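Take a look at the structure below.
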Amino acid sequence: MTTSTAPTTTYTTTRFDREPSEFILPDLVSDCHYPLRLNPHCYPVSRASEQWLLNGARLVELRISKFMGLHAGGLAAACYPDADAFHLRVCSDFMNWVFNTDDWLDEFDVDGTRGMRECCISAFRDPINFQTEKLGGMMCKSYFSRFMQTGGPGCTKRFIHTMDLFFIAVAEQAEDRAKGRIPDLESYIILRRDTSGCKPCFALIEYAAQIDLPDEVMSHPVIMAMEEATNDLVTWSNDIFSYNVEQSRRDTHNMVVVLMREQGLNLQGAVDHLGRLCTGTIQRFEDNRAMLPSWGEELDRQVAYLRRRAAELDRRFAALVLRFHPVFREGWAYCQAGSGHQTTSQKALVE
């Protein structure tokens, strides 16, 4: 197959004094060989879910433009390619809600984040009877009441628990941001796995497939290690692509910033090192997959499905970043053309 060089695109932000004016982005695509598929219900479900979010969140015009450029419904259709239209709609509504909620939480202080947590977790625990006037809570009631129509007790419990972890971690992030505090690397990695929002997406794999794995399977060290590897690739690659925006507002919750501080690296050195760590997550996933134990024929079949979907989440979230991040819009079109190669010479400006 003939390969060519992907077009180089740039984006700019307001940089700190004495920061480099640009850095080279690592290749985060070539080592990710999992296939891409799209749910056949993608278009009608995505459009309906977008309208649901617009009605429920009551976004102002500027936020509407930003939201419509995200296409979270397309991400859901790629993450859950085998779901029927009903289950895909719940997953799409969650994706749209969580991305919008993440934007809201960026503007909240610690108390505001804790208030959102209390409201949303209450809505998850009793979406029918819990009453609230908060927009975020009402949207939780909407999609989670539909989730509970078919969601098994195990994946329901895991979804609520991981969403609670998400809100707790985001509150800690808000406190770090307010105090200008940079966590150490180990603490950051643990916290980032919860702020990413990936863990509830793992619970949605079970929901979308209409399976409910026992706790002994989901809490097995090998399963947990595979989920962590998937989570790390998604979040660490996002930290690279979002560095410009976050450094411009002096947000310290970014692994590039943590590596620069803790290991004494310059910007390019930290990005390069993080790129190597991202590549290592794929091998970590595969190494643990090879160690999966057996729980019997039927459970093994369900675990194999879970493993395939978790692997594809890596590719799907990477695809979202590539497709919708300004640096890589053209690169996404290039990859979709089927070349199978992504250049490592993409540059991002820090101005």
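Chains: A, B, ... in order of the structure tokens. Residues: from 1 per chain. Ligands: from 1, in order shown.
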request  = Pick out each residue of range 234-297 of chain A that DSSP on the backbone tags as alpha helix (DSSP H); I need them as an MDAnalysis selection string.
outcome  = chainID A and resid 234:241 243:248 255:263 267:289 297
message = Set the distance at 12 Å and use only C-alpha atoms: which residues neighbour Asp176 in chain A once local chain neighbours fewer than 2 positions away are removed? I'd like the list as an MDAnalysis selection string.
response = chainID A and resid 109:110 169:174 178:184 188 191 250:254
ask   = Pick the closest to Met255 in chain A from A:Leu277, A:Leu185, A:Leu204, A:Val217: which is it, counting only C-alpha atoms?
value = A:Leu185
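Here the question is which of A:Val256, A:Cys155, A:Met224, A:Ile211 gets nearest to Leu299 in chain A using only C-alpha atoms, and that residue is A:Ile211.
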task = Tell me, as a PyMOL selection string, which residues lie within 8 Å of Gly151 in chain A, counting only C-alpha atoms; anything in the same chain fewer than 4 positions away does not count.
result = chain A and resi 147+155-156+207+210+212
request  = Do a neighbour search on range 50-59 of chain A at 9 Å with only C-alpha atoms, toss out local chain neighbours closer than 4 positions, and write the hits as a ChimeraX atom specification.
outcome  = /A:45-46,63-64,67-68,71-73,92-93,96-97,100,135-136,138-139
key: Atom-to-atom span, CA of Phe99 in chain A and CA of Lys157 in chain A, Å   =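 We find that CA of Phe99 in chain A and CA of Lys157 in chain A lie 21.6 Å from each other.
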Rows by chain and residue number, range 207-313 of chain A within 12 Å of range 21-36 of chain A, shortest pair, only C-alpha atoms, as CSV:
```
residue,atom,partner,partner_atom,distance
A:Thr230,CA,A:Cys32,CA,11.3
A:Leu233,CA,A:Leu28,CA,9.1
A:Val234,CA,A:Leu28,CA,10.4
A:Trp236,CA,A:Leu28,CA,10.4
A:Ser237,CA,A:Leu28,CA,7.4
A:Asn238,CA,A:Leu28,CA,10.6
A:Asp239,CA,A:Leu25,CA,11.5
A:Ile240,CA,A:Leu25,CA,7.7
A:Phe241,CA,A:Leu25,CA,8.2
A:Ser242,CA,A:Leu25,CA,11.5
A:Tyr243,CA,A:Phe23,CA,10.5
A:Asn244,CA,A:Glu22,CA,9.6
A:Val256,CA,A:Phe23,CA,11.8
A:Asn266,CA,A:Phe23,CA,10.3
A:Leu267,CA,A:Phe23,CA,7.2
A:Gln268,CA,A:Phe23,CA,5.7
A:Gly269,CA,A:Phe23,CA,9.4
A:Ala270,CA,A:Phe23,CA,10.2
A:Val271,CA,A:Leu25,CA,7.2
A:Asp272,CA,A:Pro26,CA,6.4
A:His273,CA,A:Pro26,CA,9.3
A:Leu274,CA,A:Pro26,CA,8.7
A:Gly275,CA,A:Pro26,CA,5.6
A:Arg276,CA,A:Pro26,CA,8.3
A:Leu277,CA,A:Leu28,CA,10.2
A:Cys278,CA,A:Leu28,CA,7.2
A:Thr279,CA,A:Asp31,CA,6.8
A:Gly280,CA,A:Asp31,CA,9.6
A:Thr281,CA,A:Cys32,CA,10.2
A:Ile282,CA,A:Cys32,CA,7.2
A:Gln283,CA,A:Asp31,CA,9.2
A:Phe285,CA,A:Cys32,CA,11.1
A:Glu286,CA,A:Cys32,CA,11.1
A:Arg307,CA,A:Tyr34,CA,11.5
A:Arg308,CA,A:Tyr34,CA,8.7
A:Arg309,CA,A:Tyr34,CA,9.8
A:Ala310,CA,A:Tyr34,CA,10.3
A:Ala311,CA,A:Tyr34,CA,6.8
A:Glu312,CA,A:Tyr34,CA,6.0
A:Leu313,CA,A:Tyr34,CA,9.3
```
inquiry  = At a cut-off of 12 Å, using only C-alpha atoms, what residues contact Arg146 in chain A? Leave out same-chain residues fewer than 6 positions from it and give the result as an NGL selection string.
reply    = :A and (86-91 or 93-94 or 124 or 126-128 or 139-140 or 156 or 207)
Let's have the selection written as a compact mmCIF listing (two decimals), in the first residue's frame, with N, CA and C atoms.
```txt
# COMPACT_ATOMS: atom_id res chain seq x y z
N PHE A 86 -31.78 1.21 20.92
CA PHE A 86 -32.18 1.65 22.26
C PHE A 86 -30.97 1.80 23.16
N HIS A 87 -30.11 0.78 23.20
CA HIS A 87 -28.95 0.82 24.08
C HIS A 87 -27.90 1.82 23.59
N LEU A 88 -27.77 1.94 22.28
CA LEU A 88 -26.84 2.94 21.75
C LEU A 88 -27.29 4.34 22.12
N ARG A 89 -28.59 4.59 22.12
CA ARG A 89 -29.09 5.92 22.47
C ARG A 89 -28.71 6.28 23.92
N VAL A 90 -28.84 5.33 24.84
CA VAL A 90 -28.43 5.60 26.22
C VAL A 90 -26.94 5.91 26.28
N CYS A 91 -26.13 5.13 25.57
CA CYS A 91 -24.68 5.36 25.55
C CYS A 91 -24.36 6.72 24.93
N ASP A 93 -26.37 9.38 24.82
CA ASP A 93 -26.79 10.42 25.75
C ASP A 93 -25.77 10.59 26.87
N PHE A 94 -25.25 9.47 27.37
CA PHE A 94 -24.21 9.56 28.40
C PHE A 94 -22.99 10.30 27.88
N PHE A 124 -28.80 8.90 39.86
CA PHE A 124 -28.46 7.55 39.43
C PHE A 124 -29.09 6.50 40.35
N ASP A 126 -31.79 6.68 42.18
CA ASP A 126 -33.26 6.61 42.10
C ASP A 126 -33.74 7.59 41.03
N PRO A 127 -33.54 7.23 39.76
CA PRO A 127 -33.86 8.18 38.69
C PRO A 127 -35.34 8.48 38.54
N ILE A 128 -36.20 7.67 39.11
CA ILE A 128 -37.63 7.90 38.98
C ILE A 128 -38.12 8.86 40.05
N MET A 139 -30.92 15.57 33.37
CA MET A 139 -30.45 14.75 32.26
C MET A 139 -30.01 13.37 32.74
N CYS A 140 -29.39 13.31 33.93
CA CYS A 140 -29.05 12.00 34.52
C CYS A 140 -30.30 11.15 34.70
N THR A 156 -24.88 -1.93 36.74
CA THR A 156 -25.50 -0.73 37.31
C THR A 156 -24.69 -0.24 38.50
N TYR A 207 -23.50 -3.06 29.62
CA TYR A 207 -24.88 -2.62 29.37
C TYR A 207 -25.25 -2.76 27.90
```
For Ile190 in chain A: contacts at 10 Å, only C-alpha atoms, fewer than 4 positions along chain excluded, given as a list in words =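 Residues meeting the cut-off are Ala169, Leu185, Glu186, Asp194, Thr195, Glu228 and Asp232 of chain A.
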Atom-to-atom span, CA of Pro40 in chain A and CA of Ala76 in chain A, Å =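 Between CA of Pro40 in chain A and CA of Ala76 in chain A the gap works out to 11.6 Å.
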request  = Rank nothing, just name the residue among A:Gln247, A:Thr101, A:Thr235, A:Gln302 nearest to Met163 in chain A, using only C-alpha atoms.
outcome  =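 Ranked by minimum distance to Met163 in chain A, first place goes to A:Thr101.
Distances to Arg117 in chain A were evaluated for A:Ile205, A:Cys42, A:Ile160, A:Met291 using only C-alpha atoms, and the minimum falls at A:Ile160.
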